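Undergrad: Quick one: the structure is below, and I'll ask about it shortly.
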Amino acid sequence: MVSLLDIIGPVMVGPSSSHTAGACRIGLFARGLVGGQPESAKVELHGSFARTGQGHGTDRAIAGGLMGFFPDDERLRHSLELAEQAGLAITFSNIKLRGDPHPNTARITVTRDKQEAVVVGSSLGAGRVLITSIDGFPVEVTGAYPTLVFVAHDEPGIVAAVSTLLAREGDNIATMRVSRRAKGGQAIHIYELDAPASAGALEAMRAVPAIIMLRSIQRVA
Amino acid sequence: MYDSLDEAVTQAQTDGISLGELALRAEAAEGLRSREEVESALQRALDVMRGAVARGLPGDLRSVSGLVGGDAAKMTKPVGPLAGTVFTEVLAAALAVQEVNAAMGVIVAAPTAGGAGVLPGVLLGLSKHNAISDEKLIRGLAAAGLVGAVVAVRASLSGAEGGCQAETGAAAGMAAAAGIEVLGGSPEEASHAVALTMQGTLGLVCDPLGGLVEIPCVFRNATGGAMALAGIEMAMAGIRFPIPVDEVIDTMGEIGRTMDVRYRETAGGGLAATPTGRRLAKERLVQIRKK
């Protein structure tokens with residue numbers, strides 16, 4: 001379904017909805033995965049992002065997203081300088097990712113408080129994005145919803161326990177997806193919610209022994 | 001939203017309302033947002049468009065590569081045969097928005113960033129010569145959105161998929177409907193203005209130098225605005241395009257699907273592949289990397 005506001009919008013910093021607005025959103029998602037301002041980020045650009053990204057401000061857009069700026073924030077233009085001032089060290093390099101991903105794809109490795117997260121995201125056009133990998137787990141996240149990401153030991157009852165905790169706080173799940181690398185190892189859970197997860201549900205989830213990592217990420221689109 | 005402009009026009013005629021009013025009602029009926037929310041989002045879009053025109057006209061901006069900038073300012077002092085008419089206002093406003101876009105300023109993608117100058121160019125250019133209320137301009141944006149939604153479903157709004165006919169061409173068709181709306185024309189006139197405009201942009205390739213949204217994008221937004229003015233003028237004179245607008249849009253989609261990949265935003269053909277195009281792109285990309 002196409003909305004009028006998909007056509008007349010988004011309001012954004014130019015010059016390209018895919019190379020700038022979409023790139024910014026991938027940066028925002030990476031920031032969300034470490035729960036705030038990263039200390040360092042390694043940004044690897046693939047395909048058209050690598051080829052024409054600098055002229056399109058893709059580097060500034062991703063840096064802006066890492067700083068918490070949205071696609072319509074004029075600070076994007078100066079985000080590389082602002083990141084440096086804020087003590088966020090970013091390196092950019094080109095890469096040829098395997099598996100023939102979308103031409104506008106970036107892999108971002110962020111660190112904060114001794115935690116590290118690796119996210120791969122593609123910019124699909126008109127500012128829409130798809131996160132395709134988190135910490136090596138294959139995922140499909142649009143960032144159009146507040147998203148709950150957590151990694152848990154692959155054992156029975158996790159989904160039931162978490163959905164009960166969310167329901168108790170009145171948090172409604174729009175979509176959910178669980179994937180794992182190997183049986184009995186770890187599984188990543190992605191829940192897209194109608195509203196950001198409540199503090200109560202997050203606190204209760206942190207007390208679940210099987211949950212190793214938990215992040216509540218705001219909408220990036 | 002509608003997937004047929006012909007159907008939307010028939011519905012608007014049955015209800016005795018304009019295309020923009022129909023679009024606002026249809027959007028609210030989808031239940032995602034209230035009519036007030038839709039109108040307030042379009043008001044913000046209108047405000048950002050005004051801001052972009054105002055930011056671009058003084059001519060002090062340069063694009064990220066340095067290849068474009070300053071031409072909107074030249075267009076504010078026209079000396080040609082159309083000086084002093086709405087035509088030069090449209091060209092100036094369209095250039096201004098696209099120069100702002102190329103300089104990483106704030107714009108409204110309409111339908112994309114690369115085609116973002118056409119719609120504000122036409123709407124705000126027209127309103128320089130005619131007193132048009134914001135309420136009307138918002139209905140104009142809604143009419144444009146309806147046209148864009150139909151093009152998105154039936155054809156494409158991506159230069160990488162359909163060439164520039166899908167970006168500035170679609171934007172010109174959208175702007176033609178918006179222009180008819182704010183000038184008080186009928187839904188039938190709007191659909192013919194869209195058809196008369198888009199028949200003129202069929203086959204337009206996407207061939208930006210170095211893949212950057214700069215050359216020819218900035219200028220093509222201005223000529224896109226001119227194309228929309230031609231469609232508006234002809235439709236208001238009573239000219240009726242013999243091929244229904246949906247079929248014109250379908251044709252754009254068909255041409256896009258069979259267009260060689262060199263002409264779909266890859267910088268492999270067209271102006272991007274000329275000797276000068278290649279040289280400029282190479283020089284500028286090297287400079288950007290050094291920065």
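Ordering of the structure tokens sets the chain letters (A, B, ...); residue numbers start at 1 within each chain; ligands are numbered from 1 in the order shown.
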Show me a table, sorted first by chain and then by increasing residue number, of the residues of chain B having an atom at most 8 Å from chain A, each with its shortest atom pair and the distance in Å to one decimal, counting only C-alpha atoms and written as a Markdown table.

TA:
```
| residue | atom | partner | partner_atom | distance |
| --- | --- | --- | --- | --- |
| B:Met1 | CA | A:Val2 | CA | 6.4 |
| B:Ala23 | CA | A:Leu4 | CA | 7.9 |
| B:Glu27 | CA | A:Leu4 | CA | 6.8 |
| B:Val38 | CA | A:Leu5 | CA | 7.7 |
| B:Ala41 | CA | A:Leu5 | CA | 7.6 |
| B:Leu42 | CA | A:Ile8 | CA | 7.5 |
| B:Ala45 | CA | A:Val11 | CA | 6.8 |
| B:Val48 | CA | A:Val11 | CA | 7.4 |
| B:Val64 | CA | A:Gly55 | CA | 6.2 |
| B:Ser65 | CA | A:Gly55 | CA | 6.2 |
| B:Val100 | CA | A:Gly14 | CA | 7.5 |
| B:Asn101 | CA | A:Gly14 | CA | 4.3 |
| B:Ala102 | CA | A:Pro15 | CA | 4.9 |
| B:Ala103 | CA | A:Gly14 | CA | 7.0 |
| B:Met104 | CA | A:Gly14 | CA | 4.3 |
| B:Gly105 | CA | A:Val13 | CA | 5.1 |
| B:Val106 | CA | A:Val13 | CA | 4.2 |
| B:Ile107 | CA | A:Met12 | CA | 5.5 |
| B:Val108 | CA | A:Val11 | CA | 4.3 |
| B:Ala109 | CA | A:Gly9 | CA | 4.8 |
| B:Ala110 | CA | A:Ile8 | CA | 4.8 |
| B:Pro111 | CA | A:Ile7 | CA | 4.8 |
| B:Thr112 | CA | A:Ala126 | CA | 6.2 |
| B:Ala113 | CA | A:Ser16 | CA | 5.3 |
| B:Gly114 | CA | A:Ser16 | CA | 6.4 |
| B:Leu141 | CA | A:Ile8 | CA | 7.3 |
| B:Ala142 | CA | A:Leu4 | CA | 6.8 |
| B:Ala144 | CA | A:Ile8 | CA | 8.0 |
| B:Gly145 | CA | A:Leu4 | CA | 4.8 |
| B:Leu146 | CA | A:Leu4 | CA | 6.3 |
| B:Gly148 | CA | A:Ile7 | CA | 6.0 |
| B:Ala149 | CA | A:Val2 | CA | 5.8 |
| B:Ala152 | CA | A:Val2 | CA | 7.7 |
| B:Val153 | CA | A:Val2 | CA | 7.8 |
| B:Ser158 | CA | A:Gly125 | CA | 7.5 |
| B:Gly210 | CA | A:Thr52 | CA | 7.0 |
| B:Gly211 | CA | A:Thr52 | CA | 6.2 |
| B:Leu212 | CA | A:Gly55 | CA | 6.2 |
| B:Val213 | CA | A:Pro15 | CA | 6.2 |
| B:Leu285 | CA | A:Gly55 | CA | 6.9 |
| B:Ile288 | CA | A:Gly55 | CA | 6.7 |
| B:Arg289 | CA | A:Gln54 | CA | 7.1 |
```

Undergrad: Create the file for the chosen residues now, containing N, CA and C atoms and written as a CSV table (one decimal), in the first residue's frame.

TA:
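Here's the written file result22.csv:
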```
chain,number,residue,atom,x,y,z
B,1,MET,N,-4.7,3.8,-1.3
B,1,MET,CA,-4.7,4.8,-2.4
B,1,MET,C,-5.0,4.2,-3.7
B,23,ALA,N,-7.9,12.7,-2.8
B,23,ALA,CA,-6.7,12.0,-2.3
B,23,ALA,C,-6.7,12.2,-0.8
B,27,GLU,N,-6.8,8.9,1.7
B,27,GLU,CA,-5.7,8.6,2.6
B,27,GLU,C,-6.2,8.5,4.0
B,38,VAL,N,-2.7,14.0,8.3
B,38,VAL,CA,-2.2,14.0,6.9
B,38,VAL,C,-2.0,15.4,6.5
B,41,ALA,N,1.1,16.9,8.1
B,41,ALA,CA,2.4,16.4,7.5
B,41,ALA,C,2.6,17.1,6.1
B,42,LEU,N,1.5,17.4,5.4
B,42,LEU,CA,1.7,18.0,4.1
B,42,LEU,C,2.0,19.5,4.3
B,45,ALA,N,5.6,19.6,4.9
B,45,ALA,CA,6.3,19.4,3.6
B,45,ALA,C,6.3,20.7,2.8
B,48,VAL,N,8.8,23.1,4.4
B,48,VAL,CA,10.2,22.7,4.0
B,48,VAL,C,10.5,23.1,2.6
B,64,VAL,N,28.3,19.0,-3.0
B,64,VAL,CA,29.4,18.3,-2.3
B,64,VAL,C,30.6,18.2,-3.2
B,65,SER,N,30.4,18.0,-4.5
B,65,SER,CA,31.5,17.8,-5.4
B,65,SER,C,32.0,19.2,-5.9
B,100,VAL,N,20.0,23.0,-3.4
B,100,VAL,CA,20.0,22.8,-2.0
B,100,VAL,C,20.2,21.3,-1.7
B,101,ASN,N,19.5,20.5,-2.5
B,101,ASN,CA,19.6,19.0,-2.3
B,101,ASN,C,21.0,18.6,-2.6
B,102,ALA,N,21.6,19.1,-3.7
B,102,ALA,CA,23.0,18.7,-4.0
B,102,ALA,C,24.0,19.2,-3.0
B,103,ALA,N,23.6,20.2,-2.2
B,103,ALA,CA,24.5,20.7,-1.2
B,103,ALA,C,24.2,20.2,0.2
B,104,MET,N,23.5,19.1,0.2
B,104,MET,CA,23.1,18.4,1.5
B,104,MET,C,22.3,19.3,2.4
B,105,GLY,N,21.4,20.1,1.8
B,105,GLY,CA,20.4,20.9,2.5
B,105,GLY,C,19.1,20.1,2.7
B,106,VAL,N,18.2,20.6,3.4
B,106,VAL,CA,16.9,19.9,3.7
B,106,VAL,C,15.9,20.1,2.6
B,107,ILE,N,15.4,19.0,2.1
B,107,ILE,CA,14.3,19.1,1.0
B,107,ILE,C,13.3,18.0,1.3
B,108,VAL,N,12.2,18.0,0.5
B,108,VAL,CA,11.2,17.0,0.6
B,108,VAL,C,11.3,16.1,-0.6
B,109,ALA,N,11.6,14.8,-0.4
B,109,ALA,CA,11.7,13.9,-1.5
B,109,ALA,C,10.3,13.9,-2.1
B,110,ALA,N,10.1,14.2,-3.5
B,110,ALA,CA,8.8,14.3,-4.1
B,110,ALA,C,8.9,14.0,-5.5
B,111,PRO,N,8.9,12.7,-6.0
B,111,PRO,CA,8.8,11.5,-5.1
B,111,PRO,C,10.1,11.1,-4.6
B,112,THR,N,11.2,11.6,-5.2
B,112,THR,CA,12.6,11.2,-4.7
B,112,THR,C,13.4,12.5,-4.5
B,113,ALA,N,14.6,12.3,-3.9
B,113,ALA,CA,15.4,13.5,-3.7
B,113,ALA,C,15.9,14.0,-5.0
B,114,GLY,N,16.2,13.1,-6.0
B,114,GLY,CA,16.7,13.5,-7.3
B,114,GLY,C,15.7,14.3,-8.1
B,141,LEU,N,-0.6,19.4,-3.2
B,141,LEU,CA,0.4,18.3,-2.8
B,141,LEU,C,-0.3,16.9,-2.7
B,142,ALA,N,-1.6,17.0,-2.2
B,142,ALA,CA,-2.3,15.7,-2.1
B,142,ALA,C,-2.6,15.1,-3.5
B,144,ALA,N,-0.8,15.7,-6.2
B,144,ALA,CA,0.5,15.2,-6.7
B,144,ALA,C,0.8,13.8,-6.1
B,145,GLY,N,0.5,13.7,-4.8
B,145,GLY,CA,0.8,12.4,-4.1
B,145,GLY,C,-0.1,11.3,-4.7
B,146,LEU,N,-1.3,11.6,-5.0
B,146,LEU,CA,-2.2,10.6,-5.6
B,146,LEU,C,-1.5,10.1,-7.0
B,148,GLY,N,1.6,10.3,-7.9
B,148,GLY,CA,2.8,9.5,-7.6
B,148,GLY,C,2.5,8.1,-7.1
B,149,ALA,N,1.5,8.0,-6.3
B,149,ALA,CA,1.1,6.6,-5.8
B,149,ALA,C,0.7,5.7,-7.0
B,152,ALA,N,3.8,4.8,-8.8
B,152,ALA,CA,4.6,3.8,-8.0
B,152,ALA,C,4.1,2.4,-8.2
B,153,VAL,N,2.8,2.3,-8.3
B,153,VAL,CA,2.2,0.9,-8.4
B,153,VAL,C,2.2,0.4,-9.9
B,158,SER,N,11.8,5.0,-9.4
B,158,SER,CA,13.2,4.9,-9.1
B,158,SER,C,14.0,5.0,-10.4
B,210,GLY,N,29.2,10.6,-12.7
B,210,GLY,CA,29.8,10.0,-11.5
B,210,GLY,C,28.7,9.4,-10.6
B,211,GLY,N,27.5,9.2,-11.1
B,211,GLY,CA,26.4,8.7,-10.2
B,211,GLY,C,25.9,9.7,-9.2
B,212,LEU,N,26.4,11.0,-9.3
B,212,LEU,CA,26.1,12.0,-8.3
B,212,LEU,C,24.8,12.7,-8.7
B,213,VAL,N,23.9,13.0,-7.7
B,213,VAL,CA,22.7,13.7,-8.0
B,213,VAL,C,23.0,15.2,-8.3
B,285,LEU,N,35.6,13.3,-8.1
B,285,LEU,CA,35.6,12.2,-7.1
B,285,LEU,C,36.9,12.1,-6.5
B,288,ILE,N,37.0,14.8,-3.9
B,288,ILE,CA,36.2,14.5,-2.7
B,288,ILE,C,36.9,13.6,-1.8
B,289,ARG,N,37.6,12.6,-2.4
B,289,ARG,CA,38.3,11.6,-1.5
B,289,ARG,C,39.5,12.2,-0.8
```

Undergrad: Could you list, as a ChimeraX atom specification, every residue within 9 Å of Gly136 (chain A), counting only C-alpha atoms and ignoring same-chain residues fewer than 2 positions away?

TA: /A:118-120,133-134,138,181

Undergrad: Kindly save the residues from that selection, with N, CA and C atoms included, as a compact mmCIF listing (two decimals), in the first residue's frame.

TA:
```txt
# COMPACT_ATOMS: atom_id res chain seq x y z
N VAL A 118 27.86 -5.89 15.39
CA VAL A 118 28.12 -5.81 13.95
C VAL A 118 26.80 -5.88 13.22
N VAL A 119 26.52 -4.87 12.41
CA VAL A 119 25.25 -4.83 11.71
C VAL A 119 25.50 -4.66 10.21
N VAL A 120 24.73 -5.40 9.41
CA VAL A 120 24.76 -5.21 7.96
C VAL A 120 23.39 -4.70 7.55
N SER A 133 21.67 -8.42 8.86
CA SER A 133 22.48 -9.26 9.74
C SER A 133 22.83 -8.48 11.00
N ILE A 134 22.72 -9.17 12.14
CA ILE A 134 23.15 -8.59 13.42
C ILE A 134 24.07 -9.60 14.09
N PRO A 138 21.50 -13.98 10.61
CA PRO A 138 20.69 -13.40 9.52
C PRO A 138 19.36 -12.89 10.06
N ARG A 181 22.16 -19.77 14.68
CA ARG A 181 23.25 -20.24 13.84
C ARG A 181 23.31 -21.77 13.87
```

Undergrad: Tell me, in Å to one decimal, how far CA of Gly143 (chain A) is from CA of Gly121 (chain A).

TA: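 It comes out at 10.4 Å.
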
Undergrad: As an NGL selection string, please: all residues of region 96-127 of chain B that backbone DSSP puts in alpha helix (DSSP H).

TA: :B and (96-102 or 118-127)

Undergrad: Residues as selected, N, CA and C atoms, written as an mmCIF file, in the first residue's frame, can you do that?

TA:
```cif
data_model
loop_
_atom_site.group_PDB
_atom_site.id
_atom_site.type_symbol
_atom_site.label_atom_id
_atom_site.label_comp_id
_atom_site.auth_asym_id
_atom_site.auth_seq_id
_atom_site.Cartn_x
_atom_site.Cartn_y
_atom_site.Cartn_z
ATOM 1 N N ALA B 96 16.588 26.033 -7.514
ATOM 2 C CA ALA B 96 16.966 26.343 -6.135
ATOM 3 C C ALA B 96 16.861 25.104 -5.250
ATOM 4 N N VAL B 97 15.731 24.407 -5.324
ATOM 5 C CA VAL B 97 15.535 23.230 -4.463
ATOM 6 C C VAL B 97 16.579 22.164 -4.787
ATOM 7 N N GLN B 98 16.850 21.952 -6.056
ATOM 8 C CA GLN B 98 17.770 20.886 -6.425
ATOM 9 C C GLN B 98 19.218 21.252 -6.084
ATOM 10 N N GLU B 99 19.529 22.549 -6.116
ATOM 11 C CA GLU B 99 20.864 22.969 -5.667
ATOM 12 C C GLU B 99 21.020 22.766 -4.163
ATOM 13 N N VAL B 100 19.955 23.025 -3.429
ATOM 14 C CA VAL B 100 19.972 22.775 -1.978
ATOM 15 C C VAL B 100 20.165 21.280 -1.722
ATOM 16 N N ASN B 101 19.452 20.464 -2.494
ATOM 17 C CA ASN B 101 19.581 19.008 -2.345
ATOM 18 C C ASN B 101 21.023 18.571 -2.591
ATOM 19 N N ALA B 102 21.622 19.086 -3.663
ATOM 20 C CA ALA B 102 22.991 18.678 -4.015
ATOM 21 C C ALA B 102 24.001 19.155 -2.976
ATOM 22 N N VAL B 118 10.989 19.655 -8.845
ATOM 23 C CA VAL B 118 9.928 19.905 -9.825
ATOM 24 C C VAL B 118 8.635 20.380 -9.163
ATOM 25 N N LEU B 119 8.162 19.622 -8.184
ATOM 26 C CA LEU B 119 6.871 19.934 -7.566
ATOM 27 C C LEU B 119 6.876 21.286 -6.830
ATOM 28 N N PRO B 120 7.856 21.533 -5.946
ATOM 29 C CA PRO B 120 7.882 22.867 -5.334
ATOM 30 C C PRO B 120 8.121 23.960 -6.370
ATOM 31 N N GLY B 121 8.905 23.639 -7.407
ATOM 32 C CA GLY B 121 9.135 24.623 -8.464
ATOM 33 C C GLY B 121 7.833 25.085 -9.075
ATOM 34 N N VAL B 122 6.982 24.127 -9.451
ATOM 35 C CA VAL B 122 5.718 24.465 -10.111
ATOM 36 C C VAL B 122 4.757 25.128 -9.119
ATOM 37 N N LEU B 123 4.581 24.513 -7.948
ATOM 38 C CA LEU B 123 3.582 25.041 -7.002
ATOM 39 C C LEU B 123 3.970 26.431 -6.493
ATOM 40 N N LEU B 124 5.233 26.578 -6.086
ATOM 41 C CA LEU B 124 5.634 27.859 -5.498
ATOM 42 C C LEU B 124 5.880 28.900 -6.594
ATOM 43 N N GLY B 125 6.282 28.455 -7.780
ATOM 44 C CA GLY B 125 6.387 29.373 -8.914
ATOM 45 C C GLY B 125 5.014 29.939 -9.277
ATOM 46 N N LEU B 126 4.019 29.050 -9.332
ATOM 47 C CA LEU B 126 2.649 29.507 -9.634
ATOM 48 C C LEU B 126 2.151 30.475 -8.569
ATOM 49 N N SER B 127 2.469 30.186 -7.314
ATOM 50 C CA SER B 127 1.905 31.021 -6.251
ATOM 51 C C SER B 127 2.599 32.386 -6.171
#
```

Undergrad: Measuring atom to atom with only C-alpha atoms, identify which of A:Val141, A:Val178, A:Ile217, A:Ala50 is nearest to Leu97 (chain A).

TA: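 Residue with the minimum atom-to-atom distance to Leu97 (chain A): A:Ala50.
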
Undergrad: So which one's closest to Gly185 (chain A), A:Val151, A:Ala161, A:Cys24, A:Leu214? Using only C-alpha atoms, please.

TA: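 Result for the nearest residue to Gly185 (chain A): A:Val151.
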
Undergrad: Could you give me, as a tab-separated table, a per-residue list for region 238-273 of chain B showing, wherever an atom lies at most 12 Å from an atom of region 177-188 of chain B, the closest pair of atoms and their distance in Å to one decimal, using only C-alpha atoms and sorting by chain then residue number from low to high?

TA:
```
residue	atom	partner	partner_atom	distance
B:Gly238	CA	B:Glu188	CA	10.1
B:Ile239	CA	B:Glu188	CA	10.9
B:Arg240	CA	B:Glu188	CA	9.1
B:Phe241	CA	B:Glu188	CA	10.9
B:Pro244	CA	B:Glu188	CA	10.8
B:Val245	CA	B:Glu188	CA	10.3
```

Undergrad: Which residue gives the smallest distance to Ser133 (chain B) among B:Cys217, B:Gly277, B:Leu46, B:Glu37, with only C-alpha atoms counted?

TA: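 Distance minimum relative to Ser133 (chain B) lands on B:Leu46.
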
Undergrad: Applying 6 Å and only C-alpha atoms, which residues near Glu167 (chain B) remain after dropping the ones on its own chain fewer than 5 positions away? List them as a list of chain:residue names.

TA: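 Contacts, in chain order: B:Gly115, B:Leu157, B:Gly159.
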
Undergrad: Convert the current residue selection to file output with N, CA and C atoms, as a tab-separated table (two decimals), in the first residue's frame.

TA:
```tsv
chain	number	residue	atom	x	y	z
B	115	GLY	N	14.37	14.13	-7.81
B	115	GLY	CA	13.33	14.85	-8.53
B	115	GLY	C	12.62	15.86	-7.65
B	157	LEU	N	9.12	4.63	-9.46
B	157	LEU	CA	9.58	5.96	-9.07
B	157	LEU	C	11.08	5.95	-8.80
B	159	GLY	N	14.98	5.89	-10.45
B	159	GLY	CA	15.84	6.04	-11.61
B	159	GLY	C	16.62	4.76	-11.91
```

Undergrad: What's around Phe92 (chain A) at 8 Å? Count only C-alpha atoms, leave out sequence neighbours fewer than 4 positions away in its own chain, and write the answer as an MDAnalysis selection string.

TA: chainID A and resid 42:45 59

Undergrad: Rank A:Ala83, A:Val159, A:Val34, A:Ile95 by their smallest atom-to-atom distance to Asp113 (chain A), using only C-alpha atoms, and report the top residue only.

TA: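 Residue with the minimum atom-to-atom distance to Asp113 (chain A): A:Val34.
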
Undergrad: Give me the residues within 12 Å of Thr175 (chain A) as a PyMOL selection string, counting only C-alpha atoms and dropping any in the same chain fewer than 6 places off.

TA: chain A and resi 140-148+163+189-194

Undergrad: In terms of the shortest atom-to-atom distance over only C-alpha atoms, which of B:Val261, B:Arg62, B:Leu67, B:Val151 is closest to Asp207 (chain B)?

TA: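 Ranking B:Val261, B:Arg62, B:Leu67, B:Val151 by distance to Asp207 (chain B), first place goes to B:Val261.
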
Undergrad: Need the shell around region 25-29 of chain A: protein/DNA/RNA residues with any atom at most 9 Å away, counting only C-alpha atoms. Skip same-chain ones fewer than 5 positions apart. Format as a ChimeraX atom specification?

TA: /A:20,61-71,106,108,119-123,127-131,143,217-221

Undergrad: Taking the backbone alone, and naming residues the way the document does, which bits of region 161-212 of chain A are strand (DSSP E) by DSSP, as a list in words?

TA: Ile173, Ala174, Thr175, Met176, Arg177, Val178, Ser179, Arg180, Gln186, Ala187, Ile188, His189, Ile190, Tyr191, Glu192, Leu193, Ile211 and Ile212 of chain A

Undergrad: Neighbouring residues of Gly157 (chain A) were defined as those with any atom within 12 Å, considering only C-alpha atoms; residues of the same chain fewer than 4 positions away were excluded. Please report them as a list in words.

TA: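 With the cut-off at 12 Å, the set is Ala152, His153, Ala161, Val162, Ser163, Thr164, Val208, Ala210 and Ile211 of chain A.
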
Undergrad: So the first atom is CA of Leu5 (chain B) and the second is CA of Leu204 (chain B); what is the distance between them in Å, to one decimal place?

TA: 21.6 Å

Undergrad: What does the distance from CA of Asp135 (chain A) to CA of Arg177 (chain A) come to in Å, to one decimal?

TA: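 So the answer is 15.4 Å.
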